[in-house]
Amino acid sequence: MSEKKQQGSGSERREKLLQQEQQLKSDAQNEILPAPVQADTTTVMAAPKPTVPTRPRPIVRVFKKRGVGDLYELGSDSYRLEKVVGSEIGQAVGKSEVWRARHLGSERDVFVKKFVSPLYPSDEDLLDPIHGAELKRRYQRFEDRHVEVGNRLKRDVVGSGALVKPLAFGRPKDSLACIKVYPWVEGASVLSRDLVKSWSIQTRSVFLRTLLLGLWELHALGVAHGDIKRENILVIGRPIGPVARLIDFDEAFPSDAPPKNLDDYEIGTTHFTPEWKALENPDWVQEVTGVPVKGLRLGTATDVFQLAIVLEEIFGLGSVSWIQKKNVELNDNAEASLRRARPMTSDLGLSRPRVAQLLQQSLLPMPAQRPTVPELLSAIGVTVA
Amino acid sequence: MSGLQNRVGIRATGERFPIDVVFVVDATESMSGLLETVKFRILSLDSDIAERLKMSNRILESLRVRLIAFRDLYDDPETAFEVTRFHDLPAQQAEFTEAVKGIEAFDGGDQPESGLEALYLAMKSGWRNEPQDLKRRHIIMLFTDQDAHELGAKIPKDVAQSPHPRSLSDLKKLWAPHRLRGLMNERARRLVLFAPDQVEGDSGLTPTVWAQISQEWENVWMSVGEREGLRDVVWNEVVDKLVATI
């Protein structure tokens, strides 16, 4: 009963307040300033205010996002970003962000490549009892490989000139991502079948010499490239004819301490391009056969396998054809080699039968059975010590 | 009979990639154009991807797509998410069309939306995880023109069972690889953000949560979108970005 009484009393008062409110509006319209009216909030249940939903925001800690004109600083070197570049000059963009930049001081143009994985763990990650140590270990493994490869490449300052060696590697200030800096190669084209189709035997020969000499130099420095493919071979014009430049040492590794499996590399990235992989690229053989195969160790012979495929695609038959006894569909060249199919190779238009023979050997499944780069060089008339 | 007669010359056909893609699209009013584009163009995504992969001698083995449309849990939990299951394309094109045709863009404003919850829903999709398949790719493509609010609002039970991550830090841990108790495969996972890196706040331009994710999470690519909406994003760019991560 008392509840009903209260409700009745409340509704009367609300009606009174509404009348007051209408009066206020009317006064306002007539530009009369009314005396403030105090609602009796102690006895009247006020109409509920519409709740404004609160939207909590995360605490955002963001390093400055680099754009055109911003700097990456590595040690005492600074690189000013000028333009995002695509893959037309052979730089992989899928796993990284690639910029054309300017080195301040020397005012030289460079490539700056930012890696999206692995990242240095954030402070919060490092404090995490489950993830912290593992994340740091993964990152360190990645950094150690790049630093070691970089140090080996610096041993021969002059070299053949065919290697576009990285200038710097590291983690800039205010960034969890590493960057790698390469010299900008002016006037270069990516190696392609169209580009070489009109080349004479002599032109082909000069180009292949420079390419093989570059690879020989790399192997002599104790480094395997690990990712030989057309996009990583540039062509530049010189008075003697087109010459080769080998680029992108991001997947390179010390040839005497190769990774044993994918986990030996940075997590989240593969260290080969599937179309040109060799049998020994980690985990792959086991995937196909179900069992690991002994004797498949990554090394300089991995580059030889990959190079043979590229050369056949560009200078030879367009792709490697495989002869096998059973008509089984083959996914790729590595699988064909593993299944002991026989590759059909050409002499690359050099009129040297020995070249075709060595290319065939280059595609043998066991790395130890493949020729070395000096042997390939000797087939085109170049003897190296 | 000569043994040669039994021999067959064959060329390698190319590497095969099974790909799962989840499109996470802000379905507030300003994104209506993009949502319609995604709904329409996603149907030809298989041929778009296959064409680009073919250029590098790769083969699209199979494609599954899923769409998650999101708005704001704080506005209306009932309409905050609209999700489809994975559909095989092109085989289940008709079913997929049916599943997405009712998803419309509405509401919204300048408030942060429930993009982080939507990202979480995408991360816990039923990805294909055959252990022997190194070529699989699990790709999340997220589109929004707003910042996201912190996790913590209750996701309706019919959308996802709790417990849910309560903060951006929790969500980051779920982005970690399986063996570090994350939700996704470390080799397969990719996240592509078409999102603003900063928005206008009370104290001027402030960085968004998307900017932080792009800098602190691995395997993330970010395309900075227009703050007024992603009208500048064209479908070819979306497909190019997607294929670039493969």
# chains A, B, ... in the order shown; residues from 1 in each chain; ligands from 1
call {"tool": "select_by_dssp", "arguments": {"residues": "region 187-238 of chain B", "states": "alpha helix (DSSP H)", "output": "list in words"}}
result
Val209, Trp210, Ala211, Gln212, Ile213, Ser214, Gln215, Glu216, Trp235, Asn236, Glu237 and Val238 of chain B
call {"tool": "write_last_selection", "arguments": {"atoms": "C-alpha atoms", "output": "CSV table (one decimal), in the first residue's frame"}}
result
chain,number,residue,atom,x,y,z
B,209,VAL,CA,46.3,0.1,-31.2
B,210,TRP,CA,46.9,-1.1,-34.8
B,211,ALA,CA,50.1,0.9,-35.0
B,212,GLN,CA,51.3,-0.8,-31.8
B,213,ILE,CA,50.4,-4.3,-33.2
B,214,SER,CA,52.2,-3.6,-36.4
B,215,GLN,CA,55.4,-2.8,-34.5
B,216,GLU,CA,55.3,-5.3,-31.7
B,235,TRP,CA,40.7,-4.7,-54.4
B,236,ASN,CA,43.9,-5.4,-56.4
B,237,GLU,CA,45.9,-3.9,-53.6
B,238,VAL,CA,44.2,-6.2,-51.1
call {"tool": "residues_around", "arguments": {"residues": "Ser319 (chain A)", "least_positions_apart": "3", "cutoff": "8 Å", "atoms": "only C-alpha atoms", "output": "ChimeraX atom specification"}}
result
/A:309,312-313,316 /B:11
call {"tool": "write_last_selection", "arguments": {"atoms": "C-alpha atoms", "output": "PDB file, in the first residue's frame"}}
result
ATOM      1  CA  ILE A 309      67.651 -24.844 -61.895  1.00  0.00           C
ATOM      2  CA  GLU A 312      68.298 -23.985 -67.053  1.00  0.00           C
ATOM      3  CA  GLU A 313      65.256 -21.746 -66.704  1.00  0.00           C
ATOM      4  CA  GLY A 316      68.534 -23.449 -71.233  1.00  0.00           C
TER       5      GLY A 316
ATOM      6  CA  ARG B  11      58.216 -31.139 -65.624  1.00  0.00           C
TER       7      ARG B  11
END
call {"tool": "atom_distance", "arguments": {"atom1": "CA of Ser32 (chain B)", "atom2": "CA of Gly115 (chain B)"}}
result
15.8 Å
call {"tool": "select_by_dssp", "arguments": {"residues": "region 120-255 of chain A", "states": "strand (DSSP E or B)", "output": "PyMOL selection string"}}
result
chain A and resi 163+168-170+179-183+189-190+223-224+233-238+241-246+253-254
call {"tool": "residues_around", "arguments": {"residues": "region 359-375 of chain A", "least_positions_apart": "5", "cutoff": "9 Å", "atoms": "only C-alpha atoms", "output": "compact mmCIF listing (two decimals) with C-alpha atoms, in the first residue's frame"}}
result
# COMPACT_ATOMS: atom_id res chain seq x y z
CA LEU A 212 80.14 -18.08 -61.00
CA LEU A 213 83.14 -16.06 -59.83
CA LEU A 215 79.50 -17.49 -56.07
CA TRP A 216 82.99 -18.94 -55.81
CA HIS A 219 81.83 -19.93 -50.86
CA ALA A 278 67.23 -28.24 -52.80
CA LEU A 279 66.56 -31.56 -51.14
CA GLU A 280 68.50 -30.68 -48.06
CA GLY A 295 73.84 -37.17 -46.00
CA LEU A 296 71.52 -34.27 -46.71
CA ARG A 297 73.35 -31.41 -45.09
CA LEU A 298 72.92 -27.79 -46.11
CA GLY A 299 76.04 -26.21 -47.52
CA THR A 300 77.56 -24.67 -50.61
CA ALA A 301 76.24 -27.60 -52.69
CA THR A 302 72.75 -26.30 -51.91
CA VAL A 304 74.81 -25.38 -56.80
CA PHE A 305 71.50 -27.26 -56.95
CA GLN A 306 69.50 -24.03 -56.91
CA LEU A 307 71.79 -22.38 -59.46
CA ALA A 308 71.43 -25.26 -61.92
CA ILE A 309 67.65 -24.84 -61.90
CA LEU A 311 70.43 -21.40 -65.27
CA GLU A 312 68.30 -23.99 -67.05
CA ASN A 333 62.57 -30.31 -58.88
CA ALA A 334 63.69 -31.37 -55.43
CA SER A 337 65.72 -35.47 -57.72
CA LEU A 338 64.77 -37.30 -54.56
CA ARG A 339 62.83 -39.86 -56.61
CA ARG A 340 65.92 -40.45 -58.73
CA ARG A 342 67.04 -38.00 -64.47
CA PRO A 343 67.19 -34.32 -65.36
CA MET A 344 67.43 -33.21 -68.97
CA THR A 345 69.85 -30.32 -69.11
CA SER A 346 71.34 -28.16 -71.85
CA ASP A 347 74.72 -26.54 -72.42
CA ARG A 354 80.64 -30.49 -70.45
CA VAL A 382 87.99 -20.39 -66.19
CA THR A 383 90.49 -21.89 -63.80
CA VAL A 384 90.56 -20.74 -60.22
CA ALA A 385 92.87 -21.80 -57.48
call {"tool": "closest_residue", "arguments": {"among": "B:Gln92, B:Ser169, B:Gln111, B:Ser162", "to": "Arg55 (chain A)", "atoms": "only C-alpha atoms"}}
result
B:Gln111
call {"tool": "residues_around", "arguments": {"residues": "region 116-133 of chain B", "least_positions_apart": "2", "cutoff": "7 Å", "atoms": "only C-alpha atoms", "output": "VMD selection string"}}
result
(chain A and resid 287) or (chain B and resid 20 22 24 68 70 114 135 to 136 138 140 148 151 171 183 to 184)
call {"tool": "write_last_selection", "arguments": {"atoms": "C-alpha atoms", "output": "PDB file, in the first residue's frame"}}
result
ATOM      1  CA  GLU A 287      57.775 -34.300 -45.202  1.00  0.00           C
TER       2      GLU A 287
ATOM      3  CA  ASP B  20      42.951 -20.138 -45.276  1.00  0.00           C
ATOM      4  CA  VAL B  22      39.790 -14.688 -42.697  1.00  0.00           C
ATOM      5  CA  VAL B  24      37.826  -9.169 -40.598  1.00  0.00           C
ATOM      6  CA  ILE B  68      33.936 -11.671 -39.612  1.00  0.00           C
ATOM      7  CA  PHE B  70      32.410  -6.302 -36.404  1.00  0.00           C
ATOM      8  CA  SER B 114      35.498  -3.917 -31.185  1.00  0.00           C
ATOM      9  CA  LYS B 135      53.087 -24.661 -47.237  1.00  0.00           C
ATOM     10  CA  ARG B 136      49.853 -23.881 -45.446  1.00  0.00           C
ATOM     11  CA  HIS B 138      46.761 -18.756 -42.274  1.00  0.00           C
ATOM     12  CA  ILE B 140      43.996 -12.601 -41.414  1.00  0.00           C
ATOM     13  CA  ALA B 148      39.965  -0.328 -31.198  1.00  0.00           C
ATOM     14  CA  LEU B 151      39.372  -5.959 -24.621  1.00  0.00           C
ATOM     15  CA  LEU B 171      45.827 -11.110 -27.037  1.00  0.00           C
ATOM     16  CA  LEU B 183      46.506 -19.982 -31.094  1.00  0.00           C
ATOM     17  CA  MET B 184      48.212 -20.059 -34.472  1.00  0.00           C
TER      18      MET B 184
END
call {"tool": "residues_around", "arguments": {"residues": "Leu60 (chain B)", "least_positions_apart": "2", "cutoff": "12 Å", "atoms": "only C-alpha atoms", "output": "PyMOL selection string"}}
result
chain B and resi 13-20+45-58+62-64+89-90+135-137+243+246
call {"tool": "write_last_selection", "arguments": {"atoms": "C-alpha atoms", "output": "PDB file, in the first residue's frame"}}
result
ATOM      1  CA  THR B  13      54.185 -28.639 -61.754  1.00  0.00           C
ATOM      2  CA  GLY B  14      54.936 -26.231 -58.952  1.00  0.00           C
ATOM      3  CA  GLU B  15      54.617 -25.790 -55.222  1.00  0.00           C
ATOM      4  CA  ARG B  16      51.094 -26.214 -53.852  1.00  0.00           C
ATOM      5  CA  PHE B  17      49.694 -23.929 -51.199  1.00  0.00           C
ATOM      6  CA  PRO B  18      46.590 -24.615 -49.108  1.00  0.00           C
ATOM      7  CA  ILE B  19      45.463 -21.214 -47.919  1.00  0.00           C
ATOM      8  CA  ASP B  20      42.951 -20.138 -45.276  1.00  0.00           C
ATOM      9  CA  LEU B  45      39.417 -14.540 -54.693  1.00  0.00           C
ATOM     10  CA  ASP B  46      40.507 -18.042 -55.656  1.00  0.00           C
ATOM     11  CA  SER B  47      41.126 -17.098 -59.274  1.00  0.00           C
ATOM     12  CA  ASP B  48      42.720 -13.778 -58.265  1.00  0.00           C
ATOM     13  CA  ILE B  49      45.207 -15.547 -56.000  1.00  0.00           C
ATOM     14  CA  ALA B  50      45.828 -18.435 -58.390  1.00  0.00           C
ATOM     15  CA  GLU B  51      46.634 -16.037 -61.219  1.00  0.00           C
ATOM     16  CA  ARG B  52      49.224 -14.182 -59.164  1.00  0.00           C
ATOM     17  CA  LEU B  53      50.779 -17.335 -57.714  1.00  0.00           C
ATOM     18  CA  LYS B  54      51.112 -18.838 -61.173  1.00  0.00           C
ATOM     19  CA  MET B  55      53.505 -16.052 -62.111  1.00  0.00           C
ATOM     20  CA  SER B  56      56.025 -17.558 -59.685  1.00  0.00           C
ATOM     21  CA  ASN B  57      55.245 -21.159 -60.593  1.00  0.00           C
ATOM     22  CA  ARG B  58      53.178 -21.686 -57.463  1.00  0.00           C
ATOM     23  CA  SER B  62      42.828 -24.953 -52.083  1.00  0.00           C
ATOM     24  CA  LEU B  63      41.318 -21.839 -50.586  1.00  0.00           C
ATOM     25  CA  ARG B  64      39.009 -21.441 -47.635  1.00  0.00           C
ATOM     26  CA  LEU B  89      36.087 -21.562 -52.849  1.00  0.00           C
ATOM     27  CA  PRO B  90      34.957 -21.932 -55.522  1.00  0.00           C
ATOM     28  CA  LYS B 135      53.087 -24.661 -47.237  1.00  0.00           C
ATOM     29  CA  ARG B 136      49.853 -23.881 -45.446  1.00  0.00           C
ATOM     30  CA  ARG B 137      49.107 -20.226 -44.868  1.00  0.00           C
ATOM     31  CA  VAL B 243      49.722 -12.864 -52.088  1.00  0.00           C
ATOM     32  CA  ILE B 246      52.335 -16.180 -49.075  1.00  0.00           C
TER      33      ILE B 246
END
call {"tool": "closest_residue", "arguments": {"among": "B:Asp158, B:Asp145, B:Glu104, B:Asp72", "to": "chain A", "atoms": "only C-alpha atoms"}}
result
B:Asp72
call {"tool": "closest_residue", "arguments": {"among": "B:Ala99, B:Ala105, B:Val83, B:Leu73", "to": "chain A", "atoms": "only C-alpha atoms"}}
result
B:Leu73
call {"tool": "closest_residue", "arguments": {"among": "A:Lys260, A:His131, A:Lys113, A:Lys180", "to": "chain B", "atoms": "only C-alpha atoms"}}
result
A:His131
call {"tool": "residues_around", "arguments": {"residues": "Lys241 (chain B)", "least_positions_apart": "6", "cutoff": "12 Å", "atoms": "only C-alpha atoms", "output": "list in words"}}
result
Gly86, Val93, Gly94, Lys95, Ser96 and Glu97 of chain A; Asp48, Ile49, Arg52, Ile139, Ile140, Met141, Leu142, Arg190, Leu191, Val192, Leu193, Phe194, Val220, Trp221, Met222, Ser223, Val233, Val234 and Trp235 of chain B
call {"tool": "write_last_selection", "arguments": {"atoms": "N, CA and C atoms", "output": "compact mmCIF listing (two decimals), in the first residue's frame"}}
result
# COMPACT_ATOMS: atom_id res chain seq x y z
N GLY A 86 59.30 -1.86 -54.63
CA GLY A 86 58.64 -3.13 -54.87
C GLY A 86 59.64 -4.20 -55.19
N VAL A 93 59.69 -8.60 -51.01
CA VAL A 93 58.94 -7.69 -50.17
C VAL A 93 57.99 -8.43 -49.24
N GLY A 94 57.75 -9.70 -49.54
CA GLY A 94 56.76 -10.45 -48.78
C GLY A 94 57.09 -10.56 -47.32
N LYS A 95 58.33 -10.82 -46.98
CA LYS A 95 58.69 -11.06 -45.59
C LYS A 95 59.36 -9.84 -44.96
N SER A 96 59.32 -8.76 -45.67
CA SER A 96 60.01 -7.58 -45.15
C SER A 96 59.43 -6.33 -45.79
N GLU A 97 59.94 -5.20 -45.30
CA GLU A 97 59.53 -3.92 -45.86
C GLU A 97 60.80 -3.30 -46.43
N ASP B 48 41.79 -14.91 -58.41
CA ASP B 48 42.72 -13.78 -58.27
C ASP B 48 44.05 -14.23 -57.67
N ILE B 49 43.98 -15.07 -56.65
CA ILE B 49 45.21 -15.55 -56.00
C ILE B 49 45.95 -16.51 -56.93
N ARG B 52 47.98 -14.82 -59.63
CA ARG B 52 49.22 -14.18 -59.16
C ARG B 52 50.27 -15.23 -58.76
N ILE B 139 45.96 -16.63 -43.02
CA ILE B 139 46.09 -15.19 -43.22
C ILE B 139 44.85 -14.46 -42.71
N ILE B 140 45.10 -13.46 -41.88
CA ILE B 140 44.00 -12.60 -41.41
C ILE B 140 44.16 -11.24 -42.09
N MET B 141 43.11 -10.80 -42.76
CA MET B 141 43.11 -9.48 -43.41
C MET B 141 42.10 -8.63 -42.65
N LEU B 142 42.57 -7.61 -41.96
CA LEU B 142 41.67 -6.80 -41.12
C LEU B 142 41.53 -5.39 -41.69
N ARG B 190 49.88 -15.02 -40.63
CA ARG B 190 50.14 -13.70 -41.16
C ARG B 190 48.96 -12.79 -40.82
N LEU B 191 49.27 -11.53 -40.57
CA LEU B 191 48.21 -10.56 -40.30
C LEU B 191 48.48 -9.33 -41.15
N VAL B 192 47.49 -8.97 -41.95
CA VAL B 192 47.62 -7.77 -42.78
C VAL B 192 46.58 -6.77 -42.30
N LEU B 193 47.04 -5.60 -41.93
CA LEU B 193 46.14 -4.57 -41.38
C LEU B 193 45.95 -3.45 -42.39
N PHE B 194 44.72 -3.21 -42.74
CA PHE B 194 44.37 -1.98 -43.47
C PHE B 194 43.69 -1.11 -42.44
N VAL B 220 53.40 -9.19 -39.17
CA VAL B 220 52.29 -8.27 -39.39
C VAL B 220 52.71 -7.25 -40.45
N TRP B 221 51.84 -7.01 -41.40
CA TRP B 221 52.06 -5.98 -42.40
C TRP B 221 50.95 -4.96 -42.25
N MET B 222 51.29 -3.71 -42.34
CA MET B 222 50.26 -2.68 -42.15
C MET B 222 50.21 -1.74 -43.34
N SER B 223 49.01 -1.57 -43.86
CA SER B 223 48.77 -0.53 -44.85
C SER B 223 47.99 0.55 -44.16
N VAL B 233 41.28 2.06 -50.67
CA VAL B 233 41.79 0.70 -50.83
C VAL B 233 41.09 0.04 -52.01
N VAL B 234 41.85 -0.36 -52.96
CA VAL B 234 41.26 -1.04 -54.11
C VAL B 234 41.53 -2.54 -54.00
N TRP B 235 40.67 -3.29 -54.61
CA TRP B 235 40.72 -4.74 -54.43
C TRP B 235 42.06 -5.32 -54.85
call {"tool": "atom_distance", "arguments": {"atom1": "CA of Ala195 (chain B)", "atom2": "CA of Thr208 (chain B)"}}
result
8.9 Å
call {"tool": "atom_distance", "arguments": {"atom1": "CA of Gly381 (chain A)", "atom2": "CA of Gln357 (chain A)"}}
result
14.9 Å
call {"tool": "residues_around", "arguments": {"residues": "region 70-78 of chain A", "least_positions_apart": "5", "cutoff": "7 Å", "atoms": "only C-alpha atoms", "output": "JSON, numbers by chain"}}
result
{"A": [103, 104, 170, 171, 172, 173]}
